[in-house]
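Below is one structure, written out as structure tokens, with a few remarks after it.
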Amino acid sequence: MNLTIDVVEEKDYCVVKLHGEIDVYTAPKLKKEILPLTEQKGNKVKIDLEHINYLDSTGLGVFISAYKSTKENDGELKLIHVRDRVLRLFKVTGLHEIMAVDEKDRGE
Amino acid sequence: MNLTIDVVEEKDYCVVKLHGEIDVYTAPKLKKEILPLTEQKGNKVKIDLEHINYLDSTGLGVFISAYKSTKENDGELKLIHVRDRVLRLFKVTGLHEIMAVDEKDRGE
Amino acid sequence: MEDFDFIEMKVPAKAEYVGVLRLGVSGIASRMGFSYEAIEDLKVALSEAATNVVAHAYENKEKGELTLGFGVYENRLEVMVSDQGESFNFEEIKNRIGPVTYSEDLKSVSQMREGGFGLFLINALMDKVEINNEYGVIVLMTKYLDETEVDVNDQVQAKQ
Amino acid sequence: MEDFDFIEMKVPAKAEYVGVLRLGVSGIASRMGFSYEAIEDLKVALSEAATNVVAHAYENKEKGELTLGFGVYENRLEVMVSDQGESFNFEEIKNRIGPVTYSEDLKSVSQMREGGFGLFLINALMDKVEINNEYGVIVLMTKYLDETEVDVNDQVQAKQ
Ligand SMILES: Nc1ncnc2c1ncn2[C@@H]1O[C@H](COP(=O)(O)OP(=O)(O)O)[C@@H](O)[C@H]1O
Ligand SMILES: Nc1ncnc2c1ncn2[C@@H]1O[C@H](COP(=O)(O)OP(=O)(O)O)[C@@H](O)[C@H]1O
């Protein structure tokens, strides 16, 4: 029921590794961690969802605001290692057409 | 919340491998599987609890009746690979003094 | 009358308990024999309805309660999420919920909405959804064990 | 007054729902920050009380209900399991519950009892236990987050 967030920051990109569940309880913490990263000019933010076993619209909302923020700051946002179930929610809501949602990218 | 029961029967002993939870819902099924084994004259019954992640007094009750039944039929009952948590319940209730409860035996 | 088991859970309308409700529905649904996929759908749909109670029902009150009812039938699970908080006008919110579209995004990224997916997801993931908001909000959703039993008409039905 | 959250679950008094209640308590207890060990204790204690409702409360009736209440406090979790079924005489059952002893076994294996561990385990695993059986049975048990807060006197208290 909890979420752990590990951020690896490099010079011009960073990887955010998430473990656990993203819901109304954990989403505020996630937003607080991710938004500052997206506000750095030109930053490339990769969010690794490999170990996310639950996500709902509160999580989608956080990723949308992160996406908007990167766009405004000439950065990039990419969701990587997205599992079937989670991917399904991006597809149903049409968000996979807008954001970079990558289920296969297992490299850098 | 469920229990799966696999029985390997040899000439004069058998191993019952359990997976899951033993509670008021699954105990009747367990009793029905184990008791006939204990009623075979001189049978050595080993019950492997390695993959039992939950057990309460309903499970203890099943093992006591299996123990009684082996005694009456000149057989033997042994509980093997018992985990810490499960072992604790045998200790608290004093049953580990009566029955063969083996936490370390990983061989035959 | 059709026989069924009724299960009720009441929790404070707080974010920290939504995960507990999710555990409840996954336990009941797995006991009933729902597939892994269907259980995930139920978890999301229930969480969306519960999140709305936490986020919207008691905006002007200090605290409130969330009541969850499960109807366990032979062939389906009914989940009822209700609150005694504020109601809403379904016609009014209708045009700010639903999936996003690429054209919407192209218009203006900064105006892209970040919410409005909850009721839409409930409707997409469950077989039948009814909303009653006469007094507080009640979301009643149904999922069938056998998916072939699903009604053709799976739109949100607003009862006002 | 001390502030706390109250959570309620009601299920039919059937064996198949005891596991669902266990999921509930493990969710609440892990949210509160209880250790893995303490959560396991809570699961067993709750299941023992619930198993008794399923097994004993409604023996002469076709069906009944089990009500579970959680009091979530800053420093402890209170769990209340109650039924509207038959009561029992605490003094009467006192000598057929408790741990087994080696001498008991030696006397006669065939007479060794197979039950009577439920209330004993509840008492052993929780920090404080109260039983009220005026009308139906109510088992109220408490577990503290910080084990140093535990009362010295941890015997079952029968209120009749
Ligand atoms: N339980 C509720 N109480 C009051 N208003 C609600 C409730 N559930 C939904 N609503 C209203 O319906 C709108 C749409 O809900 P939803 O589709 O879940 O999206 P979101 O919650 O992201 O806005 C909410 O913004 C809110 O105005
Ligand atoms: N909820 C209940 N309703 C009626 N009787 C009960 C209830 N809980 C316990 N009892 C009585 O107390 C006895 C002891 O219970 P317990 O220690 O759990 O052992 P067991 O259930 O194995 O007999 C039961 O046999 C029963 O007579």
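Please note that chains go A, B, ... in the order of the structure tokens, that every chain numbers its residues from 1, and that ligands are numbered from 1 in the order shown.
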
Report as CSV the residues of chain A within 12 Å of ligand 1, each with its shortest atom pair and distance in Å (one decimal), using only C-alpha atoms and all ligand atoms, ordered by chain and increasing residue number.
```
residue,atom,partner,partner_atom_place_in_ligand_line,distance
A:Val24,CA,ligand 1,21 (O),10.6
A:Asp56,CA,ligand 1,22 (O),10.6
A:Ser57,CA,ligand 1,22 (O),7.2
A:Thr58,CA,ligand 1,22 (O),7.5
A:Gly59,CA,ligand 1,22 (O),10.7
A:Leu60,CA,ligand 1,22 (O),9.8
A:Gly61,CA,ligand 1,22 (O),7.8
A:Val62,CA,ligand 1,22 (O),11.2
A:Ile64,CA,ligand 1,22 (O),11.9
A:Thr93,CA,ligand 1,17 (O),11.5
```

At most 6 Å from ligand 2 (only C-alpha atoms and all ligand atoms): residue list as a PDB file with all heavy atoms, in the first residue's frame:
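And here's out32.pdb as it stands now:
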```pdb
ATOM      1  N   ASN D  52     -14.421 -18.371  16.103  1.00  0.00           N
ATOM      2  CA  ASN D  52     -15.379 -18.714  17.155  1.00  0.00           C
ATOM      3  C   ASN D  52     -16.795 -18.271  16.800  1.00  0.00           C
ATOM      4  O   ASN D  52     -17.762 -18.981  17.095  1.00  0.00           O
ATOM      5  CB  ASN D  52     -14.955 -18.095  18.490  1.00  0.00           C
ATOM      6  CG  ASN D  52     -13.876 -18.913  19.174  1.00  0.00           C
ATOM      7  OD1 ASN D  52     -13.646 -20.070  18.817  1.00  0.00           O
ATOM      8  ND2 ASN D  52     -13.209 -18.313  20.146  1.00  0.00           N
ATOM      9  N   VAL D  53     -16.903 -17.100  16.197  1.00  0.00           N
ATOM     10  CA  VAL D  53     -18.230 -16.640  15.774  1.00  0.00           C
ATOM     11  C   VAL D  53     -18.791 -17.602  14.731  1.00  0.00           C
ATOM     12  O   VAL D  53     -19.944 -18.042  14.810  1.00  0.00           O
ATOM     13  CB  VAL D  53     -18.178 -15.197  15.212  1.00  0.00           C
ATOM     14  CG1 VAL D  53     -19.538 -14.785  14.671  1.00  0.00           C
ATOM     15  CG2 VAL D  53     -17.707 -14.224  16.287  1.00  0.00           C
ATOM     16  N   HIS D  56     -19.269 -21.193  16.722  1.00  0.00           N
ATOM     17  CA  HIS D  56     -20.082 -21.367  17.926  1.00  0.00           C
ATOM     18  C   HIS D  56     -21.286 -20.443  18.061  1.00  0.00           C
ATOM     19  O   HIS D  56     -22.256 -20.802  18.729  1.00  0.00           O
ATOM     20  CB  HIS D  56     -19.232 -21.164  19.185  1.00  0.00           C
ATOM     21  CG  HIS D  56     -17.997 -22.010  19.232  1.00  0.00           C
ATOM     22  ND1 HIS D  56     -18.048 -23.388  19.238  1.00  0.00           N
ATOM     23  CD2 HIS D  56     -16.672 -21.687  19.267  1.00  0.00           C
ATOM     24  CE1 HIS D  56     -16.812 -23.866  19.288  1.00  0.00           C
ATOM     25  NE2 HIS D  56     -15.962 -22.862  19.288  1.00  0.00           N
ATOM     26  N   ALA D  57     -21.218 -19.256  17.495  1.00  0.00           N
ATOM     27  CA  ALA D  57     -22.229 -18.250  17.844  1.00  0.00           C
ATOM     28  C   ALA D  57     -23.628 -18.614  17.361  1.00  0.00           C
ATOM     29  O   ALA D  57     -24.610 -18.382  18.063  1.00  0.00           O
ATOM     30  CB  ALA D  57     -21.815 -16.884  17.294  1.00  0.00           C
ATOM     31  N   GLU D  86     -25.267 -17.035  20.446  1.00  0.00           N
ATOM     32  CA  GLU D  86     -25.294 -17.557  21.804  1.00  0.00           C
ATOM     33  C   GLU D  86     -24.116 -17.077  22.643  1.00  0.00           C
ATOM     34  O   GLU D  86     -23.026 -16.891  22.136  1.00  0.00           O
ATOM     35  CB  GLU D  86     -25.267 -19.089  21.744  1.00  0.00           C
ATOM     36  CG  GLU D  86     -26.651 -19.643  21.507  1.00  0.00           C
ATOM     37  CD  GLU D  86     -26.620 -21.069  21.036  1.00  0.00           C
ATOM     38  OE1 GLU D  86     -25.887 -21.862  21.641  1.00  0.00           O
ATOM     39  OE2 GLU D  86     -27.314 -21.364  20.052  1.00  0.00           O
ATOM     40  N   SER D  87     -24.363 -16.904  23.921  1.00  0.00           N
ATOM     41  CA  SER D  87     -23.287 -16.535  24.829  1.00  0.00           C
ATOM     42  C   SER D  87     -22.681 -17.809  25.401  1.00  0.00           C
ATOM     43  O   SER D  87     -23.081 -18.912  25.050  1.00  0.00           O
ATOM     44  CB  SER D  87     -23.838 -15.676  25.957  1.00  0.00           C
ATOM     45  OG  SER D  87     -24.468 -14.545  25.401  1.00  0.00           O
ATOM     46  N   PHE D  88     -21.696 -17.675  26.259  1.00  0.00           N
ATOM     47  CA  PHE D  88     -21.165 -18.858  26.929  1.00  0.00           C
ATOM     48  C   PHE D  88     -20.803 -18.470  28.350  1.00  0.00           C
ATOM     49  O   PHE D  88     -20.678 -17.288  28.675  1.00  0.00           O
ATOM     50  CB  PHE D  88     -19.974 -19.446  26.189  1.00  0.00           C
ATOM     51  CG  PHE D  88     -18.789 -18.527  26.092  1.00  0.00           C
ATOM     52  CD1 PHE D  88     -17.823 -18.506  27.087  1.00  0.00           C
ATOM     53  CD2 PHE D  88     -18.638 -17.692  24.992  1.00  0.00           C
ATOM     54  CE1 PHE D  88     -16.734 -17.660  26.993  1.00  0.00           C
ATOM     55  CE2 PHE D  88     -17.538 -16.837  24.893  1.00  0.00           C
ATOM     56  CZ  PHE D  88     -16.597 -16.822  25.894  1.00  0.00           C
ATOM     57  N   ILE D  93     -16.012 -22.709  30.627  1.00  0.00           N
ATOM     58  CA  ILE D  93     -15.049 -23.088  29.585  1.00  0.00           C
ATOM     59  C   ILE D  93     -13.611 -22.935  30.061  1.00  0.00           C
ATOM     60  O   ILE D  93     -12.690 -23.477  29.464  1.00  0.00           O
ATOM     61  CB  ILE D  93     -15.229 -22.272  28.289  1.00  0.00           C
ATOM     62  CG1 ILE D  93     -14.945 -20.784  28.541  1.00  0.00           C
ATOM     63  CG2 ILE D  93     -16.617 -22.462  27.699  1.00  0.00           C
ATOM     64  CD1 ILE D  93     -14.564 -20.052  27.279  1.00  0.00           C
ATOM     65  N   ILE D  97      -9.802 -24.634  28.167  1.00  0.00           N
ATOM     66  CA  ILE D  97      -8.963 -23.855  27.250  1.00  0.00           C
ATOM     67  C   ILE D  97      -7.574 -23.712  27.865  1.00  0.00           C
ATOM     68  O   ILE D  97      -7.370 -24.000  29.036  1.00  0.00           O
ATOM     69  CB  ILE D  97      -9.565 -22.453  26.937  1.00  0.00           C
ATOM     70  CG1 ILE D  97      -9.591 -21.547  28.183  1.00  0.00           C
ATOM     71  CG2 ILE D  97     -10.975 -22.593  26.382  1.00  0.00           C
ATOM     72  CD1 ILE D  97     -10.045 -20.120  27.877  1.00  0.00           C
ATOM     73  N   GLY D 115      -9.219 -28.821  20.471  1.00  0.00           N
ATOM     74  CA  GLY D 115      -9.636 -27.417  20.425  1.00  0.00           C
ATOM     75  C   GLY D 115      -9.278 -26.727  21.712  1.00  0.00           C
ATOM     76  O   GLY D 115      -8.491 -27.232  22.504  1.00  0.00           O
ATOM     77  N   GLY D 116      -9.876 -25.571  21.909  1.00  0.00           N
ATOM     78  CA  GLY D 116      -9.632 -24.843  23.147  1.00  0.00           C
ATOM     79  C   GLY D 116      -8.376 -23.995  23.120  1.00  0.00           C
ATOM     80  O   GLY D 116      -7.890 -23.554  24.155  1.00  0.00           O
ATOM     81  N   PHE D 117      -7.833 -23.757  21.920  1.00  0.00           N
ATOM     82  CA  PHE D 117      -6.641 -22.923  21.837  1.00  0.00           C
ATOM     83  C   PHE D 117      -6.944 -21.488  21.398  1.00  0.00           C
ATOM     84  O   PHE D 117      -6.083 -20.627  21.463  1.00  0.00           O
ATOM     85  CB  PHE D 117      -5.633 -23.529  20.849  1.00  0.00           C
ATOM     86  CG  PHE D 117      -5.200 -24.903  21.240  1.00  0.00           C
ATOM     87  CD1 PHE D 117      -5.636 -26.013  20.530  1.00  0.00           C
ATOM     88  CD2 PHE D 117      -4.375 -25.098  22.336  1.00  0.00           C
ATOM     89  CE1 PHE D 117      -5.247 -27.286  20.897  1.00  0.00           C
ATOM     90  CE2 PHE D 117      -3.985 -26.369  22.708  1.00  0.00           C
ATOM     91  CZ  PHE D 117      -4.426 -27.475  21.996  1.00  0.00           C
ATOM     92  N   GLY D 118      -8.174 -21.275  20.957  1.00  0.00           N
ATOM     93  CA  GLY D 118      -8.518 -19.978  20.377  1.00  0.00           C
ATOM     94  C   GLY D 118      -8.399 -18.823  21.355  1.00  0.00           C
ATOM     95  O   GLY D 118      -7.591 -17.906  21.158  1.00  0.00           O
ATOM     96  N   LEU D 119      -9.183 -18.874  22.427  1.00  0.00           N
ATOM     97  CA  LEU D 119      -9.145 -17.781  23.399  1.00  0.00           C
ATOM     98  C   LEU D 119      -7.767 -17.671  24.039  1.00  0.00           C
ATOM     99  O   LEU D 119      -7.275 -16.580  24.318  1.00  0.00           O
ATOM    100  CB  LEU D 119     -10.213 -17.994  24.483  1.00  0.00           C
ATOM    101  CG  LEU D 119     -11.673 -17.885  24.009  1.00  0.00           C
ATOM    102  CD1 LEU D 119     -12.633 -18.185  25.159  1.00  0.00           C
ATOM    103  CD2 LEU D 119     -11.955 -16.504  23.432  1.00  0.00           C
ATOM    104  N   PHE D 120      -7.134 -18.822  24.225  1.00  0.00           N
ATOM    105  CA  PHE D 120      -5.797 -18.821  24.801  1.00  0.00           C
ATOM    106  C   PHE D 120      -4.803 -18.071  23.900  1.00  0.00           C
ATOM    107  O   PHE D 120      -4.003 -17.253  24.362  1.00  0.00           O
ATOM    108  CB  PHE D 120      -5.328 -20.266  25.034  1.00  0.00           C
ATOM    109  CG  PHE D 120      -3.882 -20.353  25.388  1.00  0.00           C
ATOM    110  CD1 PHE D 120      -3.453 -19.994  26.663  1.00  0.00           C
ATOM    111  CD2 PHE D 120      -2.954 -20.749  24.452  1.00  0.00           C
ATOM    112  CE1 PHE D 120      -2.105 -20.037  26.986  1.00  0.00           C
ATOM    113  CE2 PHE D 120      -1.600 -20.792  24.777  1.00  0.00           C
ATOM    114  CZ  PHE D 120      -1.180 -20.439  26.045  1.00  0.00           C
ATOM    115  N   VAL D 137     -21.512 -12.503  21.988  1.00  0.00           N
ATOM    116  CA  VAL D 137     -20.156 -12.434  22.547  1.00  0.00           C
ATOM    117  C   VAL D 137     -19.426 -11.257  21.911  1.00  0.00           C
ATOM    118  O   VAL D 137     -19.518 -11.034  20.704  1.00  0.00           O
ATOM    119  CB  VAL D 137     -19.373 -13.748  22.280  1.00  0.00           C
ATOM    120  CG1 VAL D 137     -17.928 -13.622  22.733  1.00  0.00           C
ATOM    121  CG2 VAL D 137     -20.050 -14.928  22.985  1.00  0.00           C
TER     122      VAL D 137
END
```

Subject >> Near-B:Cys14 list (9 Å; only C-alpha atoms; drop same-chain fewer than 6 positions) as a PyMOL selection string >> reply: chain B and resi 7-8+37+43-47

Original post:
Can you list every residue in chain C that DSSP puts in strand (DSSP E), as a ChimeraX atom specification?
Top reply: /C:5-12,65-72,76-83,128-132,138-144,157-159

Distance cut-off 8 Å, counting only C-alpha atoms - which residues of chain C neighbour chain A? Return them as an mmCIF file with N, CA and C atoms, in the first residue's frame.
```
data_model
loop_
_atom_site.group_PDB
_atom_site.id
_atom_site.type_symbol
_atom_site.label_atom_id
_atom_site.label_comp_id
_atom_site.auth_asym_id
_atom_site.auth_seq_id
_atom_site.Cartn_x
_atom_site.Cartn_y
_atom_site.Cartn_z
ATOM 1 N N ALA C 15 -7.615 9.495 2.821
ATOM 2 C CA ALA C 15 -6.801 8.844 1.786
ATOM 3 C C ALA C 15 -6.152 7.548 2.279
ATOM 4 N N GLU C 16 -5.743 7.526 3.539
ATOM 5 C CA GLU C 16 -4.992 6.368 4.030
ATOM 6 C C GLU C 16 -5.800 5.083 4.080
ATOM 7 N N VAL C 18 -8.067 4.107 1.681
ATOM 8 C CA VAL C 18 -8.475 3.612 0.361
ATOM 9 C C VAL C 18 -7.762 2.286 0.039
ATOM 10 N N GLY C 19 -6.505 2.194 0.437
ATOM 11 C CA GLY C 19 -5.767 0.942 0.222
ATOM 12 C C GLY C 19 -6.340 -0.228 1.012
ATOM 13 N N GLU C 37 -7.087 -10.325 -13.799
ATOM 14 C CA GLU C 37 -7.410 -9.097 -14.526
ATOM 15 C C GLU C 37 -8.647 -8.410 -13.948
ATOM 16 N N GLU C 40 -8.035 -6.761 -10.683
ATOM 17 C CA GLU C 40 -7.363 -5.471 -10.853
ATOM 18 C C GLU C 40 -8.360 -4.391 -11.274
ATOM 19 N N VAL C 44 -9.251 -0.908 -9.146
ATOM 20 C CA VAL C 44 -9.180 0.456 -9.675
ATOM 21 C C VAL C 44 -10.548 1.142 -9.563
ATOM 22 N N SER C 47 -11.347 2.068 -6.030
ATOM 23 C CA SER C 47 -10.470 3.148 -5.568
ATOM 24 C C SER C 47 -10.888 4.489 -6.154
ATOM 25 N N GLU C 48 -11.311 4.471 -7.417
ATOM 26 C CA GLU C 48 -11.742 5.728 -8.036
ATOM 27 C C GLU C 48 -12.946 6.296 -7.295
ATOM 28 N N THR C 51 -11.785 7.427 -3.871
ATOM 29 C CA THR C 51 -10.969 8.649 -3.989
ATOM 30 C C THR C 51 -11.867 9.868 -4.153
ATOM 31 N N GLY C 98 -14.022 11.928 -19.017
ATOM 32 C CA GLY C 98 -13.833 11.121 -20.226
ATOM 33 C C GLY C 98 -12.365 11.041 -20.593
ATOM 34 N N PRO C 99 -12.058 10.299 -21.680
ATOM 35 C CA PRO C 99 -10.653 10.139 -22.076
ATOM 36 C C PRO C 99 -10.138 11.434 -22.689
ATOM 37 N N VAL C 100 -8.841 11.556 -22.777
ATOM 38 C CA VAL C 100 -8.287 12.716 -23.469
ATOM 39 C C VAL C 100 -8.156 12.371 -24.946
ATOM 40 N N THR C 101 -8.047 13.393 -25.772
ATOM 41 C CA THR C 101 -7.874 13.138 -27.200
ATOM 42 C C THR C 101 -6.657 13.905 -27.660
ATOM 43 N N TYR C 102 -6.072 13.440 -28.728
ATOM 44 C CA TYR C 102 -4.841 14.043 -29.206
ATOM 45 C C TYR C 102 -5.070 15.503 -29.564
ATOM 46 N N ASP C 105 -4.878 17.766 -26.687
ATOM 47 C CA ASP C 105 -3.505 18.008 -26.267
ATOM 48 C C ASP C 105 -2.829 19.052 -27.156
ATOM 49 N N VAL C 109 -1.090 22.390 -24.324
ATOM 50 C CA VAL C 109 -0.617 21.467 -23.298
ATOM 51 C C VAL C 109 -0.928 22.010 -21.910
ATOM 52 N N SER C 110 -0.774 23.318 -21.765
ATOM 53 C CA SER C 110 -0.914 23.865 -20.417
ATOM 54 C C SER C 110 -2.354 23.807 -19.925
ATOM 55 N N MET C 112 -4.322 21.218 -20.653
ATOM 56 C CA MET C 112 -4.715 19.811 -20.576
ATOM 57 C C MET C 112 -5.161 19.500 -19.151
ATOM 58 N N ARG C 113 -6.262 18.802 -19.033
ATOM 59 C CA ARG C 113 -6.745 18.582 -17.666
ATOM 60 C C ARG C 113 -6.032 17.417 -16.982
ATOM 61 N N GLU C 114 -5.953 17.530 -15.681
ATOM 62 C CA GLU C 114 -5.231 16.526 -14.906
ATOM 63 C C GLU C 114 -6.178 15.598 -14.154
ATOM 64 N N GLY C 115 -7.473 15.857 -14.274
ATOM 65 C CA GLY C 115 -8.441 15.021 -13.574
ATOM 66 C C GLY C 115 -9.561 14.633 -14.513
ATOM 67 N N PHE C 117 -10.784 11.599 -14.822
ATOM 68 C CA PHE C 117 -10.682 10.233 -15.336
ATOM 69 C C PHE C 117 -11.362 9.199 -14.444
ATOM 70 N N GLY C 118 -11.731 9.637 -13.250
ATOM 71 C CA GLY C 118 -12.240 8.684 -12.273
ATOM 72 C C GLY C 118 -13.534 7.997 -12.709
ATOM 73 N N LEU C 121 -13.101 5.911 -15.823
ATOM 74 C CA LEU C 121 -12.459 4.599 -15.616
ATOM 75 C C LEU C 121 -13.410 3.592 -14.965
ATOM 76 N N ALA C 124 -15.448 2.313 -17.637
ATOM 77 C CA ALA C 124 -14.722 1.475 -18.602
ATOM 78 C C ALA C 124 -14.401 0.095 -18.026
#
```

**OP:** Return the neighbours of chain D among the residues of chain C, cut-off 10 Å, counting only C-alpha atoms, as number ranges by chain.
**Re:** C: 5-12, 14, 16-32, 65-70

Subject >> In chain C, DSSP alpha helix (DSSP H) residues written as an MDAnalysis selection string >> reply: chainID C and resid 18:32 36:52 90:93 102:107 118:125
